[in-house]
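K.L.:
Next comes entry_15.cif, mmCIF, C-alpha atoms:
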data_query
loop_
_atom_site.label_atom_id
_atom_site.label_comp_id
_atom_site.auth_asym_id
_atom_site.auth_seq_id
_atom_site.Cartn_x
_atom_site.Cartn_y
_atom_site.Cartn_z
CA MET Y 158 0.00 0.00 0.00
CA SER Y 159 1.53 3.28 -1.12
CA ARG Y 160 1.73 6.14 1.33
CA GLU Y 161 0.32 9.53 0.42
CA PRO Y 162 3.00 12.18 -0.11
CA GLN Y 163 3.70 14.25 2.96
CA ARG Y 164 2.17 17.71 2.92
CA VAL Y 165 4.64 20.47 3.65
CA VAL Y 166 4.79 24.24 3.83
CA ILE Y 167 7.90 25.94 2.44
CA GLY Y 168 8.46 29.20 4.29
CA MET Y 169 10.52 31.78 2.45
CA ASP Y 170 12.38 34.92 3.55
CA PRO Y 171 12.93 36.75 0.23
CA HIS Y 172 15.54 39.29 -0.78
CA LYS Y 173 16.52 40.77 -4.14
CA ARG Y 174 19.40 38.41 -4.96
CA SER Y 175 18.78 35.51 -2.59
CA VAL Y 176 16.07 33.68 -0.68
CA THR Y 177 16.19 31.49 2.40
CA ILE Y 178 13.64 28.68 2.68
CA GLU Y 179 12.60 26.18 5.32
CA VAL Y 180 10.47 23.08 4.64
CA MET Y 181 8.08 22.26 7.50
CA THR Y 182 5.57 19.43 7.92
CA GLY Y 183 2.12 19.76 9.45
CA GLU Y 184 3.63 18.57 12.76
CA GLU Y 185 6.08 21.50 12.55
CA ASP Y 186 9.07 19.25 11.94
CA VAL Y 187 11.77 20.88 9.80
CA VAL Y 188 12.70 18.50 6.99
CA GLY Y 189 14.64 20.72 4.59
CA GLY Y 190 15.73 24.18 3.62
CA GLY Y 191 18.62 26.27 2.44
CA ARG Y 192 19.73 29.51 0.85
CA PHE Y 193 19.43 30.00 -2.90
CA ALA Y 194 20.24 32.76 -5.36
CA THR Y 195 17.40 34.33 -7.33
CA ASP Y 196 19.13 34.10 -10.70
CA THR Y 197 18.09 31.39 -13.16
CA ALA Y 198 20.45 28.73 -11.82
CA GLY Y 199 19.65 29.42 -8.17
CA TYR Y 200 15.90 29.44 -8.81
CA ARG Y 201 16.09 26.10 -10.64
CA ALA Y 202 18.15 24.61 -7.80
CA MET Y 203 15.51 25.74 -5.31
CA LEU Y 204 12.71 24.15 -7.35
CA ASP Y 205 14.68 20.90 -7.67
CA HIS Y 206 15.11 20.87 -3.88
CA ALA Y 207 11.39 21.51 -3.32
CA ARG Y 208 10.27 18.77 -5.73
CA GLY Y 209 11.27 16.22 -3.09
CA TRP Y 210 7.88 17.04 -1.51
CA PRO Y 211 5.19 16.77 -4.22
CA ASP Y 212 2.40 18.09 -1.97
CA ARG Y 213 3.79 21.51 -1.12
CA THR Y 214 2.63 25.05 -0.56
CA TRP Y 215 4.94 28.06 -0.61
CA ALA Y 216 4.43 30.63 2.15
CA ILE Y 217 6.23 33.85 1.17
CA GLU Y 218 6.53 37.01 3.23
CA GLY Y 219 5.55 40.25 1.51
CA CYS Y 220 4.23 39.09 -1.86
CA ASN Y 221 3.13 42.65 -2.62
CA GLY Y 222 6.65 43.88 -1.93
CA ILE Y 223 10.08 42.30 -1.96
CA GLY Y 224 8.68 38.77 -2.27
CA GLY Y 225 6.66 39.53 -5.39
CA HIS Y 226 9.35 38.73 -7.94
CA VAL Y 227 9.84 35.19 -6.61
CA ALA Y 228 6.14 34.56 -5.92
CA HIS Y 229 5.10 35.30 -9.49
CA ARG Y 230 7.87 33.13 -10.93
CA LEU Y 231 6.61 30.25 -8.79
CA ILE Y 232 3.00 30.82 -9.85
CA ALA Y 233 4.09 30.80 -13.50
CA ASP Y 234 5.61 27.36 -12.85
CA GLY Y 235 2.33 26.05 -11.41
CA GLU Y 236 3.23 26.28 -7.71
CA ARG Y 237 0.77 27.09 -4.89
CA VAL Y 238 1.73 30.31 -3.09
CA VAL Y 239 0.19 32.11 -0.11
CA ASP Y 240 1.10 35.56 1.17
CA VAL Y 241 2.31 35.89 4.76
CA PRO Y 242 1.90 39.42 6.19
CA PRO Y 243 5.14 40.66 7.81
CA LYS Y 244 3.32 41.40 11.07
CA LEU Y 245 2.27 37.77 11.46
CA SER Y 246 5.76 36.45 10.80
CA ALA Y 247 7.23 39.01 13.23
CA ARG Y 248 4.91 37.81 15.98
CA ALA Y 249 5.69 34.18 15.22
CA ARG Y 250 9.41 34.97 15.40
CA VAL Y 251 9.06 36.49 18.86
CA PHE Y 252 6.99 33.55 20.13
CA ALA Y 253 9.38 31.00 18.62
CA THR Y 254 12.67 32.57 19.74
CA GLY Y 255 11.69 34.58 22.80
CA GLN Y 256 13.15 37.75 21.29
CA GLY Y 257 12.92 39.74 18.08
CA ARG Y 258 16.41 39.12 16.74
CA LYS Y 259 16.34 38.68 12.97
CA THR Y 260 18.33 36.41 10.72
CA ASP Y 261 17.36 34.97 7.37
CA ALA Y 262 17.03 31.50 8.90
CA THR Y 263 14.79 32.63 11.79
CA ASP Y 264 12.70 34.69 9.38
CA ALA Y 265 12.16 31.68 7.09
CA HIS Y 266 11.29 29.58 10.16
CA SER Y 267 8.70 32.09 11.40
CA VAL Y 268 7.13 32.35 7.91
CA ALA Y 269 6.90 28.55 7.75
CA LEU Y 270 5.26 28.49 11.20
CA VAL Y 271 2.64 31.01 10.08
CA GLY Y 272 1.99 29.04 6.89
CA THR Y 273 1.58 25.83 8.88
CA ARG Y 274 -0.55 27.16 11.71
CA MET Y 275 -2.70 29.89 10.13
CA THR Y 276 -5.77 29.32 7.99
CA GLY Y 277 -7.19 31.87 5.61
CA LEU Y 278 -3.88 33.19 4.29
CA HIS Y 279 -4.40 35.09 1.06
CA PRO Y 280 -3.47 32.96 -1.98
CA VAL Y 281 -1.39 34.72 -4.61
CA VAL Y 282 -2.86 34.48 -8.11
CA ALA Y 283 -1.57 35.53 -11.50
CA ASP Y 284 -3.80 38.50 -12.34
CA GLU Y 285 -2.37 40.38 -15.30
CA GLN Y 286 -4.96 43.16 -15.10
CA LEU Y 287 -4.09 43.98 -11.50
CA ALA Y 288 -0.37 43.72 -12.27
CA VAL Y 289 -0.75 46.33 -15.01
CA LEU Y 290 -2.81 48.54 -12.71
CA ARG Y 291 -0.18 48.32 -9.99
CA LEU Y 292 2.61 49.30 -12.38
CA LEU Y 293 0.70 52.27 -13.73
CA VAL Y 294 -0.60 53.57 -10.40
CA ASP Y 295 2.88 53.36 -8.89
CA ARG Y 296 4.23 55.28 -11.88
CA ARG Y 297 1.46 57.89 -11.51
CA ARG Y 298 2.33 58.38 -7.85
CA ALA Y 299 6.01 58.76 -8.74
CA LEU Y 300 5.08 61.48 -11.24
CA GLY Y 301 3.11 63.29 -8.54
CA GLU Y 302 6.02 63.12 -6.12
CA GLU Y 303 8.39 64.38 -8.82
CA HIS Y 304 6.00 67.26 -9.55
CA THR Y 305 5.91 68.26 -5.88
CA ARG Y 306 9.70 68.17 -5.66
CA LYS Y 307 10.13 70.34 -8.79
CA VAL Y 308 7.56 72.88 -7.60
CA SER Y 309 9.36 73.20 -4.26
CA GLN Y 310 12.65 73.86 -6.02
CA LEU Y 311 10.97 76.40 -8.29
CA HIS Y 312 9.45 78.26 -5.33
CA ALA Y 313 12.86 78.53 -3.68
CA LEU Y 314 14.34 80.12 -6.82
CA LEU Y 315 11.39 82.47 -7.38
CA LEU Y 316 11.69 83.72 -3.81
CA GLU Y 317 15.20 84.92 -4.65
CA LEU Y 318 14.20 86.35 -8.04
CA ILE Y 319 10.92 88.05 -7.05
CA PRO Y 320 10.32 89.93 -3.77
CA GLY Y 321 7.84 87.88 -1.76
CA GLY Y 322 8.06 84.93 -4.14
CA ALA Y 323 5.10 83.37 -5.97
CA LYS Y 324 1.71 82.13 -4.79
CA VAL Y 325 1.48 78.68 -3.26
CA PHE Y 326 -0.50 76.93 -5.99
CA LEU Y 327 1.59 77.72 -9.05
CA SER Y 328 1.15 76.22 -12.50
CA ALA Y 329 3.93 75.92 -15.06
CA ALA Y 330 2.29 78.55 -17.31
CA GLN Y 331 2.03 81.04 -14.44
CA ALA Y 332 5.65 80.43 -13.49
CA ARG Y 333 6.73 80.99 -17.09
CA ARG Y 334 4.95 84.37 -17.16
CA LEU Y 335 6.58 85.38 -13.89
CA LEU Y 336 10.03 84.48 -15.18
CA ALA Y 337 9.42 86.48 -18.35
CA SER Y 338 8.93 89.60 -16.22
CA VAL Y 339 12.26 89.10 -14.40
CA ARG Y 340 15.49 90.50 -15.90
CA PRO Y 341 18.34 89.91 -13.47
CA ARG Y 342 21.59 91.73 -14.17
CA ASP Y 343 24.08 89.77 -12.10
CA LEU Y 344 25.48 86.36 -12.98
CA ALA Y 345 23.86 84.60 -10.02
CA GLY Y 346 20.46 86.04 -10.89
CA ARG Y 347 20.73 85.00 -14.55
CA THR Y 348 21.74 81.50 -13.46
CA ARG Y 349 18.75 81.29 -11.12
CA LYS Y 350 16.43 82.30 -13.94
CA ARG Y 351 17.95 79.71 -16.29
CA VAL Y 352 17.60 76.92 -13.71
CA ALA Y 353 14.04 78.05 -12.92
CA THR Y 354 13.18 77.96 -16.63
CA GLU Y 355 14.52 74.42 -16.86
CA LEU Y 356 12.30 73.46 -13.92
CA VAL Y 357 9.28 74.95 -15.71
CA VAL Y 358 10.07 72.83 -18.76
CA ASP Y 359 10.30 69.76 -16.50
CA LEU Y 360 6.93 70.62 -14.93
CA GLU Y 361 5.28 70.92 -18.33
CA ARG Y 362 6.67 67.52 -19.29
CA ILE Y 363 5.50 65.98 -16.00
CA TYR Y 364 2.04 67.52 -16.42
CA ALA Y 365 1.65 66.03 -19.90
CA ARG Y 366 2.76 62.59 -18.73
CA SER Y 367 0.48 62.75 -15.69
CA LYS Y 368 -2.49 63.65 -17.87
CA ALA Y 369 -1.78 60.72 -20.18
CA ALA Y 370 -1.33 58.40 -17.18
CA ASP Y 371 -4.68 59.50 -15.72
CA LYS Y 372 -6.41 58.80 -19.02
CA GLU Y 373 -4.89 55.32 -19.25
CA LEU Y 374 -5.75 54.54 -15.63
CA THR Y 375 -9.32 55.70 -16.13
CA GLU Y 376 -9.78 53.33 -19.07
CA LEU Y 377 -8.26 50.38 -17.18
CA VAL Y 378 -10.29 51.00 -14.01
CA LYS Y 379 -13.53 51.29 -16.01
CA ALA Y 380 -12.68 48.00 -17.71
CA THR Y 381 -12.85 46.26 -14.31
CA GLY Y 382 -16.50 47.28 -13.95
CA THR Y 383 -15.99 48.78 -10.51
CA GLY Y 384 -18.25 51.46 -9.09
CA LEU Y 385 -15.43 53.18 -7.20
CA LEU Y 386 -15.16 55.94 -9.78
CA ASP Y 387 -18.75 56.93 -9.01
CA LEU Y 388 -17.80 57.85 -5.43
CA ARG Y 389 -17.15 61.54 -4.82
CA GLY Y 390 -13.47 62.14 -4.14
CA ILE Y 391 -12.05 59.02 -5.78
CA GLY Y 392 -10.24 59.56 -9.08
CA PRO Y 393 -8.54 57.05 -11.36
CA SER Y 394 -5.38 56.86 -9.22
CA GLY Y 395 -7.36 56.36 -6.01
CA ALA Y 396 -9.60 53.69 -7.53
CA ALA Y 397 -6.62 51.85 -9.01
CA ARG Y 398 -4.80 51.99 -5.67
CA LEU Y 399 -7.84 50.53 -3.90
CA LEU Y 400 -8.11 47.70 -6.42
CA VAL Y 401 -4.45 46.67 -6.36
CA GLU Y 402 -3.97 46.94 -2.59
CA ILE Y 403 -7.26 45.28 -1.56
CA GLY Y 404 -7.39 42.58 -4.22
CA ASP Y 405 -10.08 40.17 -3.03
CA ILE Y 406 -12.49 42.16 -0.84
CA THR Y 407 -13.95 38.96 0.62
CA ARG Y 408 -10.81 38.40 2.65
CA PHE Y 409 -12.29 40.94 5.08
CA PRO Y 410 -15.18 39.28 6.97
CA ASP Y 411 -16.90 42.58 7.76
CA ARG Y 412 -16.51 46.34 7.45
CA GLY Y 413 -14.98 46.57 10.91
CA HIS Y 414 -12.06 44.37 9.87
CA PHE Y 415 -11.72 46.39 6.68
CA ALA Y 416 -11.65 49.66 8.66
CA SER Y 417 -8.97 48.23 10.94
CA TRP Y 418 -6.90 47.34 7.86
CA THR Y 419 -7.33 50.84 6.42
CA GLY Y 420 -6.33 52.46 9.72
CA THR Y 421 -9.69 54.24 10.13
CA ALA Y 422 -11.04 52.15 13.02
CA PRO Y 423 -10.37 53.78 16.41
CA ILE Y 424 -8.33 51.84 18.94
CA ASP Y 425 -9.85 51.22 22.36
CA ALA Y 426 -7.71 53.00 24.97
CA SER Y 427 -10.13 52.75 27.90
CA SER Y 428 -8.92 52.32 31.46
CA GLY Y 429 -11.21 51.64 34.39
CA ASP Y 430 -14.27 53.89 34.26
CA HIS Y 431 -12.62 56.17 31.72
CA VAL Y 432 -13.81 55.15 28.24
CA ARG Y 433 -11.91 56.59 25.28
CA HIS Y 434 -10.63 55.67 21.84
CA ARG Y 435 -7.50 56.90 20.14
CA LEU Y 436 -6.36 57.33 16.57
CA SER Y 437 -4.98 54.26 14.84
CA ARG Y 438 -1.64 54.86 13.14
CA GLY Y 439 -1.52 51.34 11.76
CA GLY Y 440 -3.17 49.84 8.72
CA ASN Y 441 -2.38 50.31 5.06
CA ARG Y 442 -1.16 53.91 4.83
CA GLN Y 443 -1.61 54.12 1.05
CA ILE Y 444 -5.30 53.25 1.36
CA ASN Y 445 -5.61 55.59 4.36
CA ARG Y 446 -4.23 58.36 2.14
CA VAL Y 447 -6.84 57.62 -0.56
CA LEU Y 448 -9.60 57.88 2.06
CA HIS Y 449 -8.10 61.10 3.42
CA ILE Y 450 -8.10 62.70 -0.04
CA MET Y 451 -11.67 61.48 -0.53
CA ALA Y 452 -12.69 63.15 2.74
CA ILE Y 453 -10.93 66.43 1.84
CA VAL Y 454 -12.70 66.57 -1.54
CA GLN Y 455 -16.10 66.03 0.07
CA LEU Y 456 -15.44 68.64 2.74
CA ARG Y 457 -14.64 71.27 0.09
CA ASN Y 458 -18.09 70.88 -1.42
CA PRO Y 459 -20.91 72.02 0.93
CA THR Y 460 -23.52 69.93 -0.92
CA THR Y 461 -21.92 66.50 -0.39
CA GLN Y 462 -23.18 63.93 2.10
CA GLY Y 463 -19.69 63.82 3.57
CA ARG Y 464 -19.81 67.53 4.39
CA ALA Y 465 -23.26 67.18 5.95
CA TYR Y 466 -22.08 64.25 8.06
CA TYR Y 467 -18.98 66.17 9.15
CA ASP Y 468 -21.10 69.18 10.19
CA ARG Y 469 -23.46 66.95 12.18
CA LYS Y 470 -20.51 65.50 14.08
CA LYS Y 471 -19.27 69.02 14.85
CA THR Y 472 -22.67 69.96 16.32
CA THR Y 473 -22.46 67.00 18.73
CA GLY Y 474 -19.29 68.44 20.26
CA LYS Y 475 -16.64 66.68 18.17
CA THR Y 476 -13.49 68.61 17.37
CA SER Y 477 -12.51 69.14 13.74
CA MET Y 478 -9.98 66.29 13.88
CA GLU Y 479 -12.45 63.93 15.59
CA ALA Y 480 -15.14 64.71 13.02
CA MET Y 481 -12.61 64.13 10.24
CA ARG Y 482 -11.75 60.71 11.68
CA CYS Y 483 -15.43 59.82 11.88
CA LEU Y 484 -15.88 60.85 8.25
CA LYS Y 485 -12.92 58.73 7.10
CA ARG Y 486 -14.39 55.74 8.92
CA ARG Y 487 -17.73 56.27 7.20
CA LEU Y 488 -16.03 56.53 3.82
CA SER Y 489 -14.15 53.30 4.58
CA ASP Y 490 -17.51 51.59 5.10
CA LEU Y 491 -18.76 53.06 1.82
CA VAL Y 492 -15.74 51.78 -0.14
CA TYR Y 493 -16.16 48.33 1.45
CA LYS Y 494 -19.85 48.20 0.51
CA THR Y 495 -19.14 49.42 -3.04
CA MET Y 496 -16.53 46.73 -3.68
CA LEU Y 497 -18.78 44.01 -2.27
CA ASN Y 498 -21.63 45.19 -4.50
CA ASP Y 499 -19.24 45.12 -7.47
CA LEU Y 500 -18.39 41.53 -6.64
CA VAL Y 501 -22.05 40.52 -6.43
CA ALA Y 502 -22.99 42.40 -9.60
CA HIS Y 503 -20.22 40.92 -11.77
CA LYS Y 504 -19.78 37.57 -9.98
CA THR Y 505 -16.05 38.05 -10.39
CA GLY Y 506 -13.18 39.42 -8.40
CA PRO Y 507 -10.75 42.09 -9.64
CA GLY Y 508 -9.19 41.19 -12.95
CA GLY Y 509 -11.93 38.70 -13.82
CA GLN Y 510 -11.18 36.09 -11.14
CA PRO Y 511 -14.26 34.01 -10.21
CA GLY Y 512 -16.00 35.20 -7.10
CA ASN Y 513 -17.50 33.17 -4.25
CA ASP Y 514 -21.30 33.02 -4.51
CA SER Y 515 -22.08 31.68 -1.03
CA VAL Y 516 -24.10 33.68 1.47
CA SER Y 517 -22.39 35.82 4.08
CA SER Y 518 -23.26 37.99 7.05
CA ALA Y 519 -20.65 40.53 6.04
CA THR Y 520 -22.86 43.52 6.61
CA GLY Y 521 -24.76 42.11 9.57
CA SER Y 522 -26.50 44.25 12.18
CA GLN Y 523 -25.04 47.35 13.76
CA PRO Y 524 -22.35 46.47 16.33
CA SER Y 525 -22.89 47.43 19.93
CA THR Y 526 -21.49 50.74 21.14
CA GLY Y 527 -18.17 50.67 22.86
CA SER Y 528 -16.51 48.42 20.32
CA SER Y 529 -13.29 49.82 18.93
CA ASP Y 530 -14.14 48.15 15.60
CA LYS Y 531 -17.68 49.54 15.38
CA SER Y 532 -18.92 50.99 12.12
CA LEU Y 533 -20.43 54.45 11.97
CA PRO Y 534 -24.23 54.64 12.38
CA GLY Y 535 -26.39 54.31 9.32
CA PRO Y 536 -25.69 52.61 5.99
CA ALA Y 537 -24.42 54.58 3.03
CA THR Y 538 -27.73 53.99 1.23
CA THR Y 539 -31.15 52.76 2.32
CA LYS Y 540 -31.47 50.18 -0.45
CA PRO Y 541 -31.64 46.50 0.62
CA ARG Y 542 -28.29 44.79 0.46
CA PRO Y 543 -27.86 41.69 -1.69
CA ALA Y 544 -26.47 38.40 -0.46
CA LEU Y 545 -22.73 38.74 -0.18
CA PRO Y 546 -19.88 36.28 -0.71
CA THR Y 547 -18.12 34.84 2.30
CA ALA Y 548 -14.61 35.70 3.28
CA SER Y 549 -12.05 33.21 2.09
#
Kindly transcribe the structure held in the file into structure tokens.
P.N.:
Amino acid sequence: MSREPQRVVIGMDPHKRSVTIEVMTGEEDVVGGGRFATDTAGYRAMLDHARGWPDRTWAIEGCNGIGGHVAHRLIADGERVVDVPPKLSARARVFATGQGRKTDATDAHSVALVGTRMTGLHPVVADEQLAVLRLLVDRRRALGEEHTRKVSQLHALLLELIPGGAKVFLSAAQARRLLASVRPRDLAGRTRKRVATELVVDLERIYARSKAADKELTELVKATGTGLLDLRGIGPSGAARLLVEIGDITRFPDRGHFASWTGTAPIDASSGDHVRHRLSRGGNRQINRVLHIMAIVQLRNPTTQGRAYYDRKKTTGKTSMEAMRCLKRRLSDLVYKTMLNDLVAHKTGPGGQPGNDSVSSATGSQPSTGSSDKSLPGPATTKPRPALPTAS
């Protein structure tokens, strides 16, 4: 009678030019491992080593970051890969070693422990549409950062060329007109004007590329069928960032978990009879930034629901910052509901991946007060909610 192949988890600590792996059984026995280069020869040697265990799953830390290049090569070769969040592996390392000291071997061991013990780890899939979106939204953000840096340099030069400098929000065309009115006589002044003119040319180039990037992102986001673009305050870059960072929305069992991941859920800091909550500085900061921009846009328009909600919070005694945090939490709930409705409407996940059609209590009843994960009162709309897919 033949024995079934032993199931193992291969934990990986990835780097750019090398990876360290550890092979662990379901009983947490270490049966293999090693350090391999990430070039073609090293990658093939790693696969040959892993093929000694036919029933294997790769657990890789940071598949959306440094581990992405190895994870996607493994997926292309038909391997099963799950993503291990760095926070989980860090906790496992402390529990396993008694201290937080890091080495490649201990990191690989902690990742393998998480892969063996934890259920519900997010599987990594080959989604070309999301991969393209990620590349383009990262490039769009880099263009924005470059624009900010050039404008800052231009302001510094204009302050020395023009008494009082220029206004804060300065376009390239306005800067060009200002420079045309300046005729410095000394060598330093002429050099400043020349450098400032070069910066204006750079800004015009960046503006044109940003406009083209926004157009391309808009077309790609619309192709996913998402309703995120219909939300006030979310543009093509924000919608693309939400899609690529969130991926499968059903991995969040409810909106409270989603708000905790976005960093908009308050943290319970109560002590004794004193009940209070404090600002969360954790969560995905890129998504938190998208929600912050969304809140700012709604606050600038007095006719938006966000502005009305913010004003109501102010009338109850909330400070401006507290009302802003409440608004961001409400917008987090709205984004969560929109992405779930997209999933139900299209029966697919982002990039066309099949969705889960089973019933879920994801939206449930309102949580009791006092919970640090509670959602804000009232749904975003009064329409009945459809049956929702369960969290994987």
K.L.:
One decimal, in Å: what's the spacing between atom CA of Y:Gly224 and atom CA of Y:Val176?
P.N.:
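Value for the atom CA of Y:Gly224-atom CA of Y:Val176 distance: 9.1 Å.
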K.L.:
I'd like the residues picked by the PyMOL selection byres ((chain Y and resi 390-401) around 10) written out as a ChimeraX atom specification, using the chain letters and numbers from the file.
P.N.:
/Y:221,286-295,297-298,370-379,381,383-389,402-406,443-456,492,496,506-508
K.L.:
With all atoms listed in the file as the atoms that count, which of Y:Ala337, Y:Ile363, Y:Leu245, Y:Val251 lies nearest to Y:Ala299?
P.N.:
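Closest candidate: Y:Ile363.
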K.L.:
Could you state which residues are captured by the PyMOL selection byres ((chain Y and resi 262-269) around 7) in this file, as a PyMOL selection string?
P.N.:
chain Y and resi 166-170+177-179+181+216-218+241+246+249-250+259-261+270-273
K.L.:
Run the PyMOL selection byres ((chain Y and resi 213) around 10) against the file shown and list the residues it catches, as a PyMOL selection string.
P.N.:
chain Y and resi 162-167+180-182+207-212+214-216+236-238
K.L.:
Pull the neighbourhood of (-0.8, 33.3, -3.2) for me: all residues within 8 Å in file coordinates, counting only C-alpha atoms, as a count of residues only.
P.N.:
11
K.L.:
Just the number, please: distance in Å from atom CA of Y:Ala329 to atom CA of Y:Thr305, one decimal.
P.N.:
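A separation of 12.1 Å between them.
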K.L.:
Tell me which residues come within 7 Å of (7.5, 83.5, -8.6), as a PyMOL selection string, counting all atoms listed in the file in the file's coordinates.
P.N.:
chain Y and resi 312+315-316+319+322-323+332+335
K.L.:
At what distance in Å, to one decimal, does atom CA of Y:Ala313 lie from atom CA of Y:Ala353?
P.N.:
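Atom-to-atom, atom CA of Y:Ala353 and atom CA of Y:Ala313 are spaced 9.3 Å apart.
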K.L.:
Give me the residues within 10 Å of stretch 354-358 of chain Y as a PyMOL selection string, counting only C-alpha atoms and dropping any in the same chain fewer than 6 places off.
P.N.:
chain Y and resi 304+307-308+310-311+314+328-333+336-337+348+364
